[in-house]
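This report concerns only the one structure given below.
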Amino acid sequence: MKKKYRIKKNEEFQQVFQKGKSMANRQFVVYVLDRSEQPFFRLGLSVSKKIGKAVVRNQVKRYIRQVFLELREQIVPGKDYVVIARTPTAEMNYAEVKKSLIHVLKKAGVLVNQPFQR
């Protein structure tokens, strides 16, 4: 993902946590903050050391980024998203991560034009 699509600074994370709305399932917590002035969405990731060693954490982050890349047409723009991975994600493969993220994003109401999936 390009730099302008990422949330990196602590102040930006804190703003999303304090002013945004959250939605969760067993594997992920997603915070959503409305930013109507920006024409795209930004993504911030938080993967704790509780999840595993660096290799596992980086793999989880790659999976989450790839899901957002694949769903970028369906995700509502003009918002900041912070995804917090919970402990069960360490044992998940890509398909499970994608299914779980789609579930929590639907709960948050930020997916548009969701195609039918089997």
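Note on naming: chains are A, B, ... as they come in the structure tokens, residues start from 1 per chain, ligands start from 1 in the order shown.
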
DSSP alpha helix (DSSP H) selection over chain A, as a ChimeraX atom specification: /A:10-19,54-70,94-108

Restricted to C-alpha atoms, what would the selected residues look like written as a PDB file, in the first residue's frame?
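Once everything was written out, this is out-v6.pdb:
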```pdb
ATOM      1  CA  ASN A  10       0.530   7.577  17.030  1.00  0.00           C
ATOM      2  CA  GLU A  11      -1.609  10.749  17.088  1.00  0.00           C
ATOM      3  CA  GLU A  12      -3.592   9.483  14.087  1.00  0.00           C
ATOM      4  CA  PHE A  13      -4.139   6.099  15.765  1.00  0.00           C
ATOM      5  CA  GLN A  14      -5.265   7.803  18.972  1.00  0.00           C
ATOM      6  CA  GLN A  15      -7.695  10.007  17.063  1.00  0.00           C
ATOM      7  CA  VAL A  16      -9.302   6.954  15.436  1.00  0.00           C
ATOM      8  CA  PHE A  17      -9.494   5.146  18.794  1.00  0.00           C
ATOM      9  CA  GLN A  18     -11.039   8.103  20.620  1.00  0.00           C
ATOM     10  CA  LYS A  19     -13.423   9.477  17.994  1.00  0.00           C
ATOM     11  CA  ALA A  54       7.878 -11.264  14.278  1.00  0.00           C
ATOM     12  CA  VAL A  55       7.408 -13.759  11.445  1.00  0.00           C
ATOM     13  CA  VAL A  56       3.846 -14.557  12.531  1.00  0.00           C
ATOM     14  CA  ARG A  57       2.961 -10.890  13.178  1.00  0.00           C
ATOM     15  CA  ASN A  58       4.279  -9.818   9.777  1.00  0.00           C
ATOM     16  CA  GLN A  59       2.360 -12.619   8.067  1.00  0.00           C
ATOM     17  CA  VAL A  60      -0.874 -11.518   9.759  1.00  0.00           C
ATOM     18  CA  LYS A  61      -0.241  -7.914   8.659  1.00  0.00           C
ATOM     19  CA  ARG A  62       0.420  -9.026   5.071  1.00  0.00           C
ATOM     20  CA  TYR A  63      -2.837 -11.012   5.073  1.00  0.00           C
ATOM     21  CA  ILE A  64      -4.840  -8.014   6.349  1.00  0.00           C
ATOM     22  CA  ARG A  65      -3.268  -5.648   3.804  1.00  0.00           C
ATOM     23  CA  GLN A  66      -4.008  -8.107   0.993  1.00  0.00           C
ATOM     24  CA  VAL A  67      -7.661  -8.394   2.038  1.00  0.00           C
ATOM     25  CA  PHE A  68      -8.039  -4.602   1.997  1.00  0.00           C
ATOM     26  CA  LEU A  69      -6.281  -4.488  -1.388  1.00  0.00           C
ATOM     27  CA  GLU A  70      -8.688  -7.071  -2.844  1.00  0.00           C
ATOM     28  CA  TYR A  94      -5.347 -16.325   4.364  1.00  0.00           C
ATOM     29  CA  ALA A  95      -8.836 -17.584   3.463  1.00  0.00           C
ATOM     30  CA  GLU A  96      -9.882 -17.600   7.130  1.00  0.00           C
ATOM     31  CA  VAL A  97      -8.477 -14.104   7.703  1.00  0.00           C
ATOM     32  CA  LYS A  98     -10.343 -12.807   4.656  1.00  0.00           C
ATOM     33  CA  LYS A  99     -13.637 -14.412   5.724  1.00  0.00           C
ATOM     34  CA  SER A 100     -13.316 -13.047   9.256  1.00  0.00           C
ATOM     35  CA  LEU A 101     -12.405  -9.525   8.087  1.00  0.00           C
ATOM     36  CA  ILE A 102     -15.307  -9.464   5.622  1.00  0.00           C
ATOM     37  CA  HIS A 103     -17.598 -10.493   8.480  1.00  0.00           C
ATOM     38  CA  VAL A 104     -16.454  -7.701  10.800  1.00  0.00           C
ATOM     39  CA  LEU A 105     -16.472  -5.097   7.998  1.00  0.00           C
ATOM     40  CA  LYS A 106     -20.054  -6.076   7.124  1.00  0.00           C
ATOM     41  CA  LYS A 107     -20.975  -5.706  10.801  1.00  0.00           C
ATOM     42  CA  ALA A 108     -19.432  -2.234  10.760  1.00  0.00           C
TER      43      ALA A 108
END
```

Polymer residues at most 12 Å from Lys9 (chain A), only C-alpha atoms, same-chain spacing of 6 or more positions, as number ranges by chain: A: 3, 15-16, 43-45, 82

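Between CA of Phe41 (chain A) and CA of Ala24 (chain A) the separation is 19.2 Å.
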
Could you find all residues in region 1-113 of chain A that DSSP calls strand (DSSP E or B) from the backbone, and write them as an mmCIF file with N, CA and C atoms, in the first residue's frame?
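File written: out00.cif
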```cif
data_model
loop_
_atom_site.group_PDB
_atom_site.id
_atom_site.type_symbol
_atom_site.label_atom_id
_atom_site.label_comp_id
_atom_site.auth_asym_id
_atom_site.auth_seq_id
_atom_site.Cartn_x
_atom_site.Cartn_y
_atom_site.Cartn_z
ATOM 1 N N ARG A 6 -1.847 4.776 4.358
ATOM 2 C CA ARG A 6 -1.533 4.147 5.635
ATOM 3 C C ARG A 6 -1.641 5.129 6.799
ATOM 4 N N LYS A 21 -15.770 4.691 15.708
ATOM 5 C CA LYS A 21 -16.676 3.634 16.181
ATOM 6 C C LYS A 21 -15.962 2.299 16.006
ATOM 7 N N SER A 22 -16.219 1.348 16.910
ATOM 8 C CA SER A 22 -15.555 0.053 16.813
ATOM 9 C C SER A 22 -16.563 -1.068 16.611
ATOM 10 N N MET A 23 -16.073 -2.099 15.957
ATOM 11 C CA MET A 23 -16.857 -3.310 15.743
ATOM 12 C C MET A 23 -15.877 -4.468 15.878
ATOM 13 N N ALA A 24 -16.328 -5.589 16.437
ATOM 14 C CA ALA A 24 -15.387 -6.678 16.691
ATOM 15 C C ALA A 24 -16.026 -8.040 16.464
ATOM 16 N N PHE A 28 -10.794 -10.052 15.125
ATOM 17 C CA PHE A 28 -10.399 -8.679 14.813
ATOM 18 C C PHE A 28 -11.274 -7.660 15.510
ATOM 19 N N VAL A 29 -10.674 -6.495 15.783
ATOM 20 C CA VAL A 29 -11.418 -5.310 16.190
ATOM 21 C C VAL A 29 -11.135 -4.276 15.106
ATOM 22 N N VAL A 30 -12.189 -3.657 14.573
ATOM 23 C CA VAL A 30 -12.024 -2.644 13.534
ATOM 24 C C VAL A 30 -12.592 -1.325 14.043
ATOM 25 N N TYR A 31 -11.756 -0.304 14.051
ATOM 26 C CA TYR A 31 -12.191 1.055 14.392
ATOM 27 C C TYR A 31 -12.363 1.820 13.089
ATOM 28 N N VAL A 32 -13.458 2.581 12.980
ATOM 29 C CA VAL A 32 -13.743 3.351 11.773
ATOM 30 C C VAL A 32 -13.982 4.802 12.172
ATOM 31 N N LEU A 33 -13.233 5.704 11.536
ATOM 32 C CA LEU A 33 -13.401 7.137 11.781
ATOM 33 C C LEU A 33 -13.727 7.812 10.457
ATOM 34 N N ASP A 34 -14.814 8.584 10.438
ATOM 35 C CA ASP A 34 -15.243 9.264 9.221
ATOM 36 C C ASP A 34 -14.325 10.443 8.922
ATOM 37 N N ARG A 42 -7.839 5.126 4.560
ATOM 38 C CA ARG A 42 -6.508 4.822 5.074
ATOM 39 C C ARG A 42 -6.623 3.658 6.048
ATOM 40 N N LEU A 43 -5.536 2.900 6.144
ATOM 41 C CA LEU A 43 -5.537 1.700 6.962
ATOM 42 C C LEU A 43 -4.390 1.732 7.961
ATOM 43 N N GLY A 44 -4.705 1.431 9.212
ATOM 44 C CA GLY A 44 -3.691 1.275 10.244
ATOM 45 C C GLY A 44 -3.808 -0.122 10.821
ATOM 46 N N LEU A 45 -2.673 -0.748 11.117
ATOM 47 C CA LEU A 45 -2.677 -2.115 11.638
ATOM 48 C C LEU A 45 -2.023 -2.155 13.009
ATOM 49 N N SER A 46 -2.594 -2.967 13.884
ATOM 50 C CA SER A 46 -2.019 -3.180 15.199
ATOM 51 C C SER A 46 -2.015 -4.681 15.471
ATOM 52 N N VAL A 47 -0.810 -5.249 15.523
ATOM 53 C CA VAL A 47 -0.663 -6.679 15.775
ATOM 54 C C VAL A 47 0.287 -6.819 16.961
ATOM 55 N N ILE A 75 -14.911 -1.210 -0.237
ATOM 56 C CA ILE A 75 -14.769 -0.524 1.050
ATOM 57 C C ILE A 75 -15.109 0.953 0.883
ATOM 58 N N LYS A 79 -12.728 7.309 4.888
ATOM 59 C CA LYS A 79 -12.694 6.869 6.282
ATOM 60 C C LYS A 79 -11.296 6.378 6.628
ATOM 61 N N ASP A 80 -10.989 6.397 7.924
ATOM 62 C CA ASP A 80 -9.766 5.783 8.439
ATOM 63 C C ASP A 80 -10.162 4.486 9.137
ATOM 64 N N TYR A 81 -9.429 3.418 8.855
ATOM 65 C CA TYR A 81 -9.687 2.118 9.466
ATOM 66 C C TYR A 81 -8.456 1.691 10.252
ATOM 67 N N VAL A 82 -8.678 1.259 11.488
ATOM 68 C CA VAL A 82 -7.601 0.658 12.269
ATOM 69 C C VAL A 82 -8.050 -0.757 12.600
ATOM 70 N N VAL A 83 -7.238 -1.739 12.202
ATOM 71 C CA VAL A 83 -7.553 -3.139 12.437
ATOM 72 C C VAL A 83 -6.618 -3.660 13.518
ATOM 73 N N ILE A 84 -7.203 -4.200 14.578
ATOM 74 C CA ILE A 84 -6.429 -4.811 15.651
ATOM 75 C C ILE A 84 -6.645 -6.316 15.559
ATOM 76 N N ALA A 85 -5.544 -7.048 15.417
ATOM 77 C CA ALA A 85 -5.632 -8.505 15.325
ATOM 78 C C ALA A 85 -5.604 -9.098 16.725
ATOM 79 N N LEU A 111 -18.896 -2.050 3.926
ATOM 80 C CA LEU A 111 -18.735 -2.708 2.630
ATOM 81 C C LEU A 111 -19.910 -2.330 1.737
#
```

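Using only C-alpha atoms, the smallest distance between any of A:Lys53, A:Lys2, A:Arg35, A:Arg26 and Val76 (chain A) comes from A:Arg35.
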